[in-house]
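Beneath this line is the structure, given in structure tokens, with notes to follow.
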Amino acid sequence: MAVNFGSKRIVTGAHYGLRDWLAQRVTALLMALFTLLIVLRLVFSRGPVGYDLWAGIFSAQWMKTLTFTVILALLYHAWVGMRDIWMDYIKPVGPRLALQVFSIVWLVGCAGWAIQVLWRV
Amino acid sequence: MSAPAPSVRPPRPEFRNIHAFKDLPSYRLPLAGIVSILHRISGALMFLLMPFIIWMFDTSISSEISFARFKSVFNQGAGPMPGWFVKLVALALMWAFLHHLIAGIRHLWMDMRHAVSKEFGRSSAIWTLTLSMGLTLALGAKLFGLY
């Protein structure tokens, strides 16, 4: 196989290239638009903001599907961000791997819980 | 070509291993740098408090009964935790979200417009800090029932 990358690539495993950079921005944009949607639905609502209004926002199937996608976007976004933090500050491989595994477990667990709540509405 | 004139300026300090207590207090961070490190801190804070965020989503949306409990935790507290403390944590989360969002929009803007200059870095940093702090104060006043 022809070697088309630098010698440091294998050592650092830092996902060289465009993929994570772009994913971080696309997921961020999706979450920002989702935030705007929620804020608009709250601002242009009538009557007091109580349980019915709040739960009503998430009752429609299209909103559940959208929120589900946003939860997955958040999962990936937070993973890229936390992995960057561990890679910047934690140099020994053992603790870094442990923290990265912890981040994945933490995030997947949180995403599962959020999705369960979403379909309870 | 003549040799460059010998520099009369003292050599710039060189940081190889930054010591958190010896070097960081004297390290002058520009405003754009403050926005940057706060972006990271706010992201880490939301990561760590994610179970609390989902707990809020859970109790506020599952049923009318849980919604009432959600409100009572913020007003009367839960167990040993007083209500004002829960509100304070929520306020920290509101700041973290606002700062992360606005600093993120700043990032996207810079990416799209190639707006990378020292002046834009500084002016947009001031905007980011002002907007995120201002909105946090306004929403925080609402959270603590000042209006």
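By convention in this document, the chains of the structure tokens carry letters A, B, ... by their order, each chain's residues are numbered from 1, and ligands are numbered from 1 in the order they are shown.
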Need to verify the contact set: region 96-107 of chain A, 10 Å, only C-alpha atoms, exclusion of same-chain residues closer than 2 positions in sequence. Can you return it as an mmCIF file with C-alpha atoms, in the first residue's frame?
data_model
loop_
_atom_site.group_PDB
_atom_site.id
_atom_site.type_symbol
_atom_site.label_atom_id
_atom_site.label_comp_id
_atom_site.auth_asym_id
_atom_site.auth_seq_id
_atom_site.Cartn_x
_atom_site.Cartn_y
_atom_site.Cartn_z
ATOM 1 C CA LEU A 72 -27.697 12.167 17.976
ATOM 2 C CA LEU A 74 -25.431 16.458 20.275
ATOM 3 C CA LEU A 75 -23.946 13.056 21.077
ATOM 4 C CA TYR A 76 -21.453 13.297 18.235
ATOM 5 C CA ALA A 78 -19.972 16.484 22.497
ATOM 6 C CA TRP A 79 -17.815 13.447 21.695
ATOM 7 C CA MET A 82 -14.497 16.105 24.786
ATOM 8 C CA ARG A 83 -12.052 14.024 22.773
ATOM 9 C CA ASP A 84 -10.288 17.262 21.796
ATOM 10 C CA ILE A 85 -10.080 18.293 25.453
ATOM 11 C CA TRP A 86 -8.611 14.944 26.535
ATOM 12 C CA MET A 87 -6.154 14.974 23.616
ATOM 13 C CA ASP A 88 -4.994 18.489 24.510
ATOM 14 C CA TYR A 89 -4.536 18.117 28.253
ATOM 15 C CA ILE A 90 -4.087 14.433 29.054
ATOM 16 C CA LYS A 91 -0.896 13.111 27.563
ATOM 17 C CA PRO A 92 -0.368 9.626 29.053
ATOM 18 C CA VAL A 93 -2.126 7.076 26.868
ATOM 19 C CA GLY A 94 -3.702 5.067 29.704
ATOM 20 C CA GLY A 109 -26.066 6.615 28.354
ATOM 21 C CA CYS A 110 -27.363 10.186 28.341
ATOM 22 C CA ALA A 111 -28.563 9.881 24.739
ATOM 23 C CA GLY A 112 -30.426 6.669 25.556
ATOM 24 C CA TRP A 113 -32.145 8.287 28.525
ATOM 25 C CA PHE B 47 -21.088 17.602 29.232
ATOM 26 C CA LEU B 48 -20.716 17.042 32.978
ATOM 27 C CA MET B 50 -25.877 16.440 30.997
ATOM 28 C CA PRO B 51 -27.698 14.092 33.432
#
At most 6 Å to chain B: residues in chain A, only C-alpha atoms, as a PDB file with C-alpha atoms, in the first residue's frame:
ATOM      1  CA  ALA A  55     -45.365  18.756  26.244  1.00  0.00           C
ATOM      2  CA  ALA A 114     -33.091  11.386  26.483  1.00  0.00           C
ATOM      3  CA  VAL A 117     -37.969  10.422  27.677  1.00  0.00           C
ATOM      4  CA  VAL A 121     -44.445  12.271  25.883  1.00  0.00           C
TER       5      VAL A 121
END
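Counting from CA of Ile71 (chain A), the distance to CA of Ala103 (chain B) is 20.6 Å.
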Contacts of region 134-147 of chain B within 12 Å, only C-alpha atoms, excl. fewer than 2 positions in-chain, as a list in words: Lys71, Phe74, Asn75, Gly83, Trp84, Phe85, Val86, Lys87, Leu88, Val89, Ala90, Leu91, Ala92, Leu93, Met94, Trp95, Ala96, Phe97, Leu98, His99, Leu101, Ile102, Ile126, Trp127, Thr128, Leu129, Thr130, Leu131 and Ser132 of chain B
Selection near region 33-49 of chain A, 9 Å with only C-alpha atoms, sequence-local residues under 5 positions removed, as JSON, numbers by chain: {"A": [28, 54, 57, 66, 67, 70]}
Prev. selection, C-alpha atoms, output as a PDB file, in the first residue's frame:
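The new file result-v3.pdb reads:
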ATOM      1  CA  ALA A  28     -23.717  22.757  15.707  1.00  0.00           C
ATOM      2  CA  TRP A  54     -44.402  22.389  26.785  1.00  0.00           C
ATOM      3  CA  ILE A  57     -44.302  20.978  21.431  1.00  0.00           C
ATOM      4  CA  LEU A  66     -36.317  15.980  14.592  1.00  0.00           C
ATOM      5  CA  THR A  67     -35.480  15.951  18.313  1.00  0.00           C
ATOM      6  CA  VAL A  70     -30.702  16.549  17.351  1.00  0.00           C
TER       7      VAL A  70
END
